[in-house]
Amino acid sequence: MTMRLFVPRDAGAIAVGADEVAVAFEQAAATSGIAIEIVRTGSRGLYWLEPMAEVATSYGRIAFGPVGCSDALSVLEAILSGDTHPLGLGIAEEIPWLKRQTRLTFARCGVIDPRSVDDYRAHGGYQGLERALTLGSDTILAEVTTSGLRGRGGAGFPTGIKWKTVAQASAERKYIVCNADEGDSGTFADRMIMEGDPFVVIEGMTIAGVAVGASKGYIYIRSEYPHAVEAMNAAIAAAKRAGYLGADIGGSGHSFDLEVRVGAGAYVCGEETSLLESLEGRRGIVRAKPPLPAHKGLFGKPTVINNVLSFAAIPFILAGGAKAYAEFGIGRSRGTMPIQLAGNIRYGGLFETAFGITLGELIDDIGGGTLTGRPVRAVQVGGPLGAYFPRALFDTPFDYEAFAARDGLIGHGGIVVFDDSVDMAKQARFAMEFCAVESCGKCTPCRIGSTRGVETIDKIRRGERVADNIAVVEDLCNTMKFGSLCALGGFTPYPVMSALKHFKEDFGPLPTHLEAAE
Amino acid sequence: MTAPYEPWDETRGAEIIAEHARLDGATLVILHALQEAFGYVPEPAIPMVAAALNLSRAEVYGVFTFYHDFRKQPAGRHVLKLCRAEACQAAGGDALAARAEAKLGIAIGNTTADERVTLEPIYCLGLCATAPSAMLDGRVVGRLNEARIDALVAEAQR
C-alpha cells in the first residue's frame, strides 16, 4: 500500500527546509523501494517543530518533527516497522499545543492539500456557501451580525454592519476587497491561511458577494508573500474550474469573480483607503473618511473591504451557525482569534483560541517564555503600531476592550516577545523611524511628527535635556494620535508612549531636581 | 541566481504594457511586469505607460517612486533581503544584519562594487515564528544564526 506523507509547503516551513525534506523523503523511498505519495499541505502552525511531516495511519495522522533531510530514511523505516522514533510526536491532533486550541478558522490549515477543491470539500468546505445560497441576502447579513464577528485586521469594526451598509447602497457595481497586506511584524496568520487553506478565503469572499450583491472581488496581497500569491492564484483557478467562481455559481444565478493583485512594498497600503488607492493604480495615499469605503470605495463604488481572517471566519459562521461562533469569546469580542506568537519565543506559532485568554497564559504557558531562556521583559502586541506591555500587565485578557483600556491594542493578533536584553528607547525610536519611512505623507502629524520623534528620541538617548525632550516626545505623540488621518500616524504613539511609561529607566537618567526646575 | 533579465527593448516594453493595459487600475500590475522582465523599471517605459493608460507622466512617475519595490536601475546579480522588523529584532536580527554588512563591506540598501550582491532591508516576511529571517533571490530562509547568515552571504557572493 502506498504510504501517504504530508509535508508542509508553507513559507515558514520552507524557510527551515521543508522543500529539501520532501525531496529527501522521495529519494529515501526510491532507494529503499517504499511506495510513497507526498501531499504538500499548509502548516499546522507549530513552528518550532517545522519541518513537521505527517503520515496517514488507521489511527490518524502521526507527526514527526522537526525533520531534517538526514532523518528521512529512519522516519520512513519507523513508520513501516511501527517502532518509535526520536522525532515522533504521536497523533498530530493530540499534540497538547494543538489540542488546547479552538480551531474554527484554521480547522483545515495544515490538514488539506491547498491546491485541491475536492480535499477542501471533503473537510467541510463550501458548506457555508451552499447554505448561504439558500438563505438570501438578509438572512446572511443577520447571521454575520449575530455572530458578533469584528474586523480581524485590527480595527475591530462589526463585520455585519459593514456588509449591511454595502448591501443597502444602490450602485450598478459593487466590490469585495480582501486586505491581505499583512505588514505587521509578528503576524503571519493571513499568510498561513492563504498558503494552507486558500479556499476558505475564497468561500468567505464569495459569501460576501452574494450577501451584498457584488460580482467582483480583489485580493490585495503584499509582494513579500510570493508563496501566498502563488497559492491564492492556484486556488482561484481551481475554484473556477470547479464552478465555484465565475458565472452562475453552483446554478444559483449569482456570479462572482476574483483577481489577485500584488502590492509593492508599502506598509501603509494595509490601511484600507490607501489599499484602495493602490488597487486603482495610484500612490498609496490615505483617503479622508467620510465617505466610507462602504459608500464610495474601490473605483468610487460601494465596497466591502475586510481582512483575510474576517473573510476566513465567514464559512464557519454560515455553515455552523452564528450562535455556534458567538458562543466563544468574552464581552464584545466574540468567536476565536488566531493569535500569532513570535520573536524571541520558545514555542512560536499560530494559536487560535476564544477571546479571553490572558497575555500571561499566552507568553509563559503556551509560548514557553523566551527561546534564549532569559526573562521576558516586554511584549509588543498588535504589530509595529501596538503597545509594549511589561510583565505587570500580563493579566490582561485577550479582548479588544481590555487592551484598549490599558492603552494597547490587539491589532491583528501578533505578539512579539523580547527578553531582558532589549533596549526600549531603541524600540521607541524604531517605531518613529518606521512611521517616518512608511508615512504616505498626506497628513502633517504623521509625516513631520515621526521625523521629529526620531530626532528627539536620539537626543534623549544621547542624554541631552532628557526631561525636556521626553516632554517633547509626549507632546508629539499627542498630536500624532489625535491629528493623524489614519492608524499609521495615529497609532505610532502606542509603542512609543508605552515604552516611555513602562520602561522609563531605558530613557536615560531620571530627571534631576535641577533639570526639572529649569 | 536571479533570473537572467532581458535588456531594455522598446518593442518588448510596449508588448508588456499592452498585455495588461486593459485591466482596471493597471499601473502597479504593469510596473511589476516591466520589472520582472528587465530587472528594473527603465525610465523610457514611464511615458509609454502613461500614454497607454491615459495618465500624465507625473502620475505614473509618482506611483513608481512611491513604492519601495520598484527599482530605478538593475540590482546586483543576487538580492539578499534581511528582515529588519520587530520579531526579527527580538530574535537577534540586528547583530546578524551588522554581520552581513561587515562581510559584504556595504551598508544595507547598497550593492557591492562588483555588482554581485544587493543587500536590502525588508519589513516582515511573515516568518516571525522562525525568526530571524531573510530572502535570497526569492528563496526564504529562517532561524538564521551566524553560521547560516555566513552561508547565505557566501552563496550570494558566488
# chains A, B, ... in the order shown; residues from 1 in each chain; ligands from 1
call {"tool": "interface_residues", "arguments": {"of": "chain B", "to": "chain A", "cutoff": "10 Å", "atoms": "only C-alpha atoms", "output": "tab-separated table (two decimals) with N, CA and C atoms, in the first residue's frame"}}
result
chain	number	residue	atom	x	y	z
B	23	LEU	N	-6.62	46.15	-17.92
B	23	LEU	CA	-7.08	45.88	-16.55
B	23	LEU	C	-7.50	47.18	-15.87
B	24	ASP	N	-8.44	47.09	-14.96
B	24	ASP	CA	-8.78	48.26	-14.15
B	24	ASP	C	-7.61	48.56	-13.22
B	25	GLY	N	-7.23	49.82	-13.13
B	25	GLY	CA	-6.14	50.20	-12.21
B	25	GLY	C	-4.86	49.46	-12.49
B	26	ALA	N	-4.41	49.52	-13.75
B	26	ALA	CA	-3.33	48.62	-14.21
B	26	ALA	C	-1.91	49.07	-13.84
B	27	THR	N	-1.74	50.27	-13.31
B	27	THR	CA	-0.38	50.83	-13.19
B	27	THR	C	0.59	49.91	-12.45
B	28	LEU	N	0.19	49.46	-11.26
B	28	LEU	CA	1.12	48.62	-10.49
B	28	LEU	C	1.38	47.29	-11.20
B	29	VAL	N	0.35	46.75	-11.80
B	29	VAL	CA	0.50	45.47	-12.50
B	29	VAL	C	1.55	45.62	-13.61
B	30	ILE	N	1.46	46.72	-14.35
B	30	ILE	CA	2.40	46.93	-15.45
B	30	ILE	C	3.82	47.17	-14.92
B	31	LEU	N	3.94	47.98	-13.88
B	31	LEU	CA	5.28	48.25	-13.34
B	31	LEU	C	5.93	46.95	-12.83
B	32	HIS	N	5.12	46.11	-12.17
B	32	HIS	CA	5.64	44.81	-11.73
B	32	HIS	C	6.10	43.97	-12.93
B	59	GLU	N	1.98	61.35	-13.03
B	59	GLU	CA	1.20	60.40	-12.23
B	59	GLU	C	1.90	59.04	-12.18
B	60	VAL	N	2.34	58.57	-13.34
B	60	VAL	CA	2.99	57.26	-13.39
B	60	VAL	C	4.32	57.30	-12.63
B	61	TYR	N	5.06	58.39	-12.81
B	61	TYR	CA	6.33	58.53	-12.10
B	61	TYR	C	6.08	58.57	-10.59
B	62	GLY	N	5.02	59.23	-10.21
B	62	GLY	CA	4.65	59.31	-8.79
B	62	GLY	C	4.37	57.94	-8.20
B	63	VAL	N	3.68	57.11	-8.96
B	63	VAL	CA	3.39	55.75	-8.49
B	63	VAL	C	4.70	54.96	-8.39
B	64	PHE	N	5.50	55.08	-9.44
B	64	PHE	CA	6.78	54.37	-9.50
B	64	PHE	C	7.66	54.68	-8.28
B	65	THR	N	7.70	55.94	-7.90
B	65	THR	CA	8.60	56.33	-6.79
B	65	THR	C	7.98	56.09	-5.41
B	66	PHE	N	6.68	55.91	-5.35
B	66	PHE	CA	6.04	55.76	-4.04
B	66	PHE	C	6.37	54.41	-3.40
B	67	TYR	N	6.46	53.38	-4.22
B	67	TYR	CA	6.59	52.02	-3.70
B	67	TYR	C	8.05	51.57	-3.60
B	68	HIS	N	8.39	50.96	-2.47
B	68	HIS	CA	9.77	50.53	-2.24
B	68	HIS	C	10.25	49.49	-3.25
B	69	ASP	N	9.33	48.69	-3.79
B	69	ASP	CA	9.73	47.56	-4.63
B	69	ASP	C	10.37	47.96	-5.96
B	70	PHE	N	9.90	49.05	-6.53
B	70	PHE	CA	10.31	49.35	-7.91
B	70	PHE	C	11.71	49.96	-7.97
B	83	CYS	N	15.23	40.63	7.01
B	83	CYS	CA	14.08	41.19	7.71
B	83	CYS	C	14.58	42.01	8.90
B	84	ARG	N	14.12	43.26	8.97
B	84	ARG	CA	14.60	44.18	9.99
B	84	ARG	C	13.50	44.57	10.96
B	85	ALA	N	12.36	43.87	10.91
B	85	ALA	CA	11.22	44.28	11.74
B	85	ALA	C	11.31	43.69	13.15
B	86	GLU	N	10.35	44.04	13.98
B	86	GLU	CA	10.44	43.79	15.42
B	86	GLU	C	10.67	42.32	15.80
B	87	ALA	N	9.94	41.40	15.16
B	87	ALA	CA	10.07	40.00	15.57
B	87	ALA	C	11.50	39.51	15.32
B	88	CYS	N	12.09	39.95	14.21
B	88	CYS	CA	13.47	39.55	13.92
B	88	CYS	C	14.47	40.30	14.81
B	89	GLN	N	14.12	41.55	15.16
B	89	GLN	CA	14.96	42.28	16.11
B	89	GLN	C	15.01	41.53	17.44
B	90	ALA	N	13.83	41.07	17.87
B	90	ALA	CA	13.74	40.39	19.17
B	90	ALA	C	14.56	39.11	19.18
B	91	ALA	N	14.75	38.53	17.99
B	91	ALA	CA	15.46	37.25	17.91
B	91	ALA	C	16.93	37.44	17.52
B	92	GLY	N	17.43	38.65	17.64
B	92	GLY	CA	18.85	38.88	17.39
B	92	GLY	C	19.18	39.28	15.96
B	93	GLY	N	18.21	39.75	15.23
B	93	GLY	CA	18.41	40.10	13.82
B	93	GLY	C	19.37	41.28	13.59
B	122	ILE	N	13.99	44.35	4.58
B	122	ILE	CA	12.60	44.04	4.25
B	122	ILE	C	11.86	44.08	5.57
B	123	TYR	N	10.64	44.63	5.51
B	123	TYR	CA	9.91	44.76	6.75
B	123	TYR	C	8.83	43.71	6.82
B	124	CYS	N	9.29	42.56	7.25
B	124	CYS	CA	8.48	41.42	7.59
B	124	CYS	C	8.18	40.50	6.42
B	125	LEU	N	8.72	39.30	6.54
B	125	LEU	CA	8.44	38.23	5.58
B	125	LEU	C	7.33	37.32	6.10
B	126	GLY	N	6.82	37.63	7.29
B	126	GLY	CA	5.79	36.78	7.87
B	126	GLY	C	6.34	35.44	8.35
B	127	LEU	N	7.64	35.43	8.64
B	127	LEU	CA	8.28	34.21	9.15
B	127	LEU	C	8.70	34.46	10.60
B	128	CYS	N	7.80	35.10	11.34
B	128	CYS	CA	8.14	35.66	12.64
B	128	CYS	C	8.29	34.62	13.73
B	129	ALA	N	7.81	33.40	13.48
B	129	ALA	CA	7.98	32.34	14.48
B	129	ALA	C	9.23	31.52	14.19
B	130	THR	N	9.88	31.81	13.07
B	130	THR	CA	11.17	31.18	12.77
B	130	THR	C	12.18	32.29	12.50
B	131	ALA	N	12.11	33.34	13.31
B	131	ALA	CA	12.98	34.50	13.15
B	131	ALA	C	14.37	34.17	13.68
B	132	PRO	N	15.40	34.92	13.24
B	132	PRO	CA	15.39	35.95	12.21
B	132	PRO	C	15.35	35.32	10.81
B	133	SER	N	14.80	36.07	9.87
B	133	SER	CA	14.62	35.50	8.55
B	133	SER	C	15.16	36.41	7.45
B	134	ALA	N	15.32	35.81	6.29
B	134	ALA	CA	15.88	36.52	5.15
B	134	ALA	C	15.33	35.91	3.87
B	135	MET	N	15.58	36.59	2.76
B	135	MET	CA	15.17	36.08	1.46
B	135	MET	C	16.33	36.31	0.49
B	138	GLY	N	14.40	35.48	-3.72
B	138	GLY	CA	13.07	34.87	-3.68
B	138	GLY	C	12.97	33.61	-2.85
B	139	ARG	N	14.11	33.09	-2.38
B	139	ARG	CA	14.09	31.89	-1.52
B	139	ARG	C	14.11	32.32	-0.06
B	140	VAL	N	13.15	31.81	0.72
B	140	VAL	CA	13.07	32.23	2.12
B	140	VAL	C	13.93	31.35	3.01
B	141	VAL	N	14.53	31.99	4.00
B	141	VAL	CA	15.39	31.27	4.95
B	141	VAL	C	15.08	31.77	6.36
B	142	GLY	N	14.83	30.85	7.27
B	142	GLY	CA	14.52	31.24	8.64
B	142	GLY	C	15.54	30.69	9.63
B	143	ARG	N	15.26	30.95	10.93
B	143	ARG	CA	16.14	30.51	12.02
B	143	ARG	C	17.60	30.83	11.72
B	144	LEU	N	17.84	32.05	11.31
B	144	LEU	CA	19.22	32.44	10.99
B	144	LEU	C	20.06	32.50	12.25
call {"tool": "residues_around", "arguments": {"residues": "Thr84 in chain A", "least_positions_apart": "5", "cutoff": "12 Å", "atoms": "only C-alpha atoms", "output": "PDB file with C-alpha atoms, in the first residue's frame"}}
result
ATOM      1  CA  ILE A  62       1.175  10.607  13.069  1.00  0.00           C
ATOM      2  CA  ALA A  63       3.558  13.553  13.195  1.00  0.00           C
ATOM      3  CA  PHE A  64       7.360  13.793  13.210  1.00  0.00           C
ATOM      4  CA  SER A  74      14.803   6.491   9.526  1.00  0.00           C
ATOM      5  CA  VAL A  75      11.364   8.121   9.734  1.00  0.00           C
ATOM      6  CA  LEU A  76      10.116   6.003   6.831  1.00  0.00           C
ATOM      7  CA  GLU A  77      11.532   2.861   8.433  1.00  0.00           C
ATOM      8  CA  ALA A  78       9.933   3.683  11.768  1.00  0.00           C
ATOM      9  CA  ILE A  79       6.578   4.186  10.054  1.00  0.00           C
ATOM     10  CA  LEU A  89       5.238  13.324  18.155  1.00  0.00           C
ATOM     11  CA  GLY A  90       2.324  10.913  18.151  1.00  0.00           C
TER      12      GLY A  90
END
call {"tool": "atom_distance", "arguments": {"atom1": "CA of Ala92 in chain A", "atom2": "CA of Ala326 in chain A"}}
result
27.3 Å
call {"tool": "atom_distance", "arguments": {"atom1": "CA of Glu272 in chain A", "atom2": "CA of Ser333 in chain A"}}
result
21.6 Å
call {"tool": "residues_around", "arguments": {"residues": "Phe328 in chain A", "least_positions_apart": "3", "cutoff": "10 Å", "atoms": "only C-alpha atoms", "output": "number ranges by chain"}}
result
A: 102, 147, 323-325, 333-337, 353-356
call {"tool": "closest_residue", "arguments": {"among": "A:Pro445, A:Gly204, A:Pro291, A:Gly196", "to": "Gly483 in chain A", "atoms": "only C-alpha atoms"}}
result
A:Pro445
call {"tool": "atom_distance", "arguments": {"atom1": "CA of Ala471 in chain A", "atom2": "CA of Val496 in chain A"}}
result
12.5 Å
call {"tool": "select_by_dssp", "arguments": {"residues": "chain B", "states": "strand (DSSP E or B)", "output": "mmCIF file with C-alpha atoms, in the first residue's frame"}}
result
data_model
loop_
_atom_site.group_PDB
_atom_site.id
_atom_site.type_symbol
_atom_site.label_atom_id
_atom_site.label_comp_id
_atom_site.auth_asym_id
_atom_site.auth_seq_id
_atom_site.Cartn_x
_atom_site.Cartn_y
_atom_site.Cartn_z
ATOM 1 C CA HIS B 78 21.842 38.412 -6.234
ATOM 2 C CA VAL B 79 19.489 40.221 -3.903
ATOM 3 C CA LEU B 80 19.722 39.418 -0.204
ATOM 4 C CA LYS B 81 16.864 40.845 1.828
ATOM 5 C CA LEU B 82 17.179 40.818 5.592
ATOM 6 C CA CYS B 83 14.082 41.191 7.715
ATOM 7 C CA ASN B 110 23.550 49.157 -1.292
ATOM 8 C CA THR B 111 25.115 46.951 -3.939
ATOM 9 C CA VAL B 117 25.134 41.399 -4.253
ATOM 10 C CA THR B 118 22.446 43.890 -3.368
ATOM 11 C CA LEU B 119 21.695 43.963 0.366
ATOM 12 C CA GLU B 120 18.259 45.249 1.255
ATOM 13 C CA PRO B 121 16.049 45.592 4.296
ATOM 14 C CA ILE B 122 12.602 44.036 4.246
ATOM 15 C CA ALA B 134 15.881 36.521 5.150
ATOM 16 C CA MET B 135 15.170 36.082 1.462
ATOM 17 C CA LEU B 136 17.845 35.351 -1.116
ATOM 18 C CA ARG B 139 14.092 31.893 -1.518
ATOM 19 C CA VAL B 140 13.067 32.231 2.116
ATOM 20 C CA VAL B 141 15.392 31.274 4.949
#
call {"tool": "select_by_dssp", "arguments": {"residues": "range 91-193 of chain A", "states": "helix (DSSP H, G or I)", "output": "ChimeraX atom specification"}}
result
/A:92-94,96-99,117-122,127-135,137-147,159-168,189-193
call {"tool": "closest_residue", "arguments": {"among": "A:Arg115, A:Lys216, A:Arg462, A:Lys174", "to": "Ala238 in chain A", "atoms": "only C-alpha atoms"}}
result
A:Arg115
call {"tool": "closest_residue", "arguments": {"among": "A:Thr159, A:Thr444, A:Ser450, A:Ser43", "to": "Asp113 in chain A", "atoms": "only C-alpha atoms"}}
result
A:Ser43
call {"tool": "residues_around", "arguments": {"residues": "Phe316 in chain A", "least_positions_apart": "6", "cutoff": "9 Å", "atoms": "only C-alpha atoms", "output": "list in words"}}
result
Leu104, Thr105, Gln127, Gly128, Ala322, Ala324 and Tyr325 of chain A
call {"tool": "write_last_selection", "arguments": {"atoms": "C-alpha atoms", "output": "compact mmCIF listing (two decimals), in the first residue's frame"}}
result
# COMPACT_ATOMS: atom_id res chain seq x y z
CA LEU A 104 -12.61 27.26 13.74
CA THR A 105 -10.90 29.38 11.08
CA GLN A 127 -20.97 24.09 3.20
CA GLY A 128 -21.14 27.73 4.27
CA ALA A 322 -23.89 32.37 14.09
CA ALA A 324 -22.05 28.43 17.43
CA TYR A 325 -19.46 31.11 16.67
call {"tool": "decode", "arguments": {"residues": "range 109-124 of chain B", "atoms": "N, CA and C atoms", "output": "PDB file, in the first residue's frame"}}
result
ATOM      1  N   GLY B 109      20.989  48.462   1.878  1.00  0.00           N
ATOM      2  CA  GLY B 109      20.464  49.442   0.926  1.00  0.00           C
ATOM      3  C   GLY B 109      21.422  49.679  -0.234  1.00  0.00           C
ATOM      4  N   ASN B 110      22.543  48.944  -0.255  1.00  0.00           N
ATOM      5  CA  ASN B 110      23.550  49.157  -1.292  1.00  0.00           C
ATOM      6  C   ASN B 110      23.898  47.873  -2.036  1.00  0.00           C
ATOM      7  N   THR B 111      24.652  48.068  -3.124  1.00  0.00           N
ATOM      8  CA  THR B 111      25.115  46.951  -3.939  1.00  0.00           C
ATOM      9  C   THR B 111      26.638  46.925  -3.883  1.00  0.00           C
ATOM     10  N   THR B 112      27.214  45.735  -3.829  1.00  0.00           N
ATOM     11  CA  THR B 112      28.675  45.642  -3.769  1.00  0.00           C
ATOM     12  C   THR B 112      29.279  46.193  -5.063  1.00  0.00           C
ATOM     13  N   ALA B 113      30.540  46.650  -4.968  1.00  0.00           N
ATOM     14  CA  ALA B 113      31.187  47.304  -6.111  1.00  0.00           C
ATOM     15  C   ALA B 113      31.261  46.361  -7.315  1.00  0.00           C
ATOM     16  N   ASP B 114      31.391  45.057  -7.069  1.00  0.00           N
ATOM     17  CA  ASP B 114      31.456  44.116  -8.194  1.00  0.00           C
ATOM     18  C   ASP B 114      30.064  43.761  -8.737  1.00  0.00           C
ATOM     19  N   GLU B 115      29.047  44.435  -8.196  1.00  0.00           N
ATOM     20  CA  GLU B 115      27.657  44.257  -8.642  1.00  0.00           C
ATOM     21  C   GLU B 115      27.138  42.827  -8.480  1.00  0.00           C
ATOM     22  N   ARG B 116      27.742  42.108  -7.562  1.00  0.00           N
ATOM     23  CA  ARG B 116      27.258  40.749  -7.325  1.00  0.00           C
ATOM     24  C   ARG B 116      26.079  40.721  -6.366  1.00  0.00           C
ATOM     25  N   VAL B 117      26.141  41.525  -5.309  1.00  0.00           N
ATOM     26  CA  VAL B 117      25.134  41.399  -4.253  1.00  0.00           C
ATOM     27  C   VAL B 117      24.499  42.744  -3.911  1.00  0.00           C
ATOM     28  N   THR B 118      23.183  42.751  -3.902  1.00  0.00           N
ATOM     29  CA  THR B 118      22.446  43.890  -3.368  1.00  0.00           C
ATOM     30  C   THR B 118      21.884  43.457  -2.019  1.00  0.00           C
ATOM     31  N   LEU B 119      22.153  44.277  -0.994  1.00  0.00           N
ATOM     32  CA  LEU B 119      21.695  43.963   0.366  1.00  0.00           C
ATOM     33  C   LEU B 119      20.571  44.933   0.706  1.00  0.00           C
ATOM     34  N   GLU B 120      19.411  44.375   1.010  1.00  0.00           N
ATOM     35  CA  GLU B 120      18.259  45.249   1.255  1.00  0.00           C
ATOM     36  C   GLU B 120      17.553  44.897   2.554  1.00  0.00           C
ATOM     37  N   PRO B 121      16.898  45.903   3.151  1.00  0.00           N
ATOM     38  CA  PRO B 121      16.049  45.592   4.296  1.00  0.00           C
ATOM     39  C   PRO B 121      14.685  45.148   3.789  1.00  0.00           C
ATOM     40  N   ILE B 122      13.987  44.347   4.580  1.00  0.00           N
ATOM     41  CA  ILE B 122      12.602  44.036   4.246  1.00  0.00           C
ATOM     42  C   ILE B 122      11.856  44.085   5.568  1.00  0.00           C
ATOM     43  N   TYR B 123      10.644  44.633   5.505  1.00  0.00           N
ATOM     44  CA  TYR B 123       9.910  44.757   6.746  1.00  0.00           C
ATOM     45  C   TYR B 123       8.827  43.712   6.822  1.00  0.00           C
ATOM     46  N   CYS B 124       9.287  42.563   7.253  1.00  0.00           N
ATOM     47  CA  CYS B 124       8.481  41.415   7.592  1.00  0.00           C
ATOM     48  C   CYS B 124       8.178  40.503   6.420  1.00  0.00           C
TER      49      CYS B 124
END
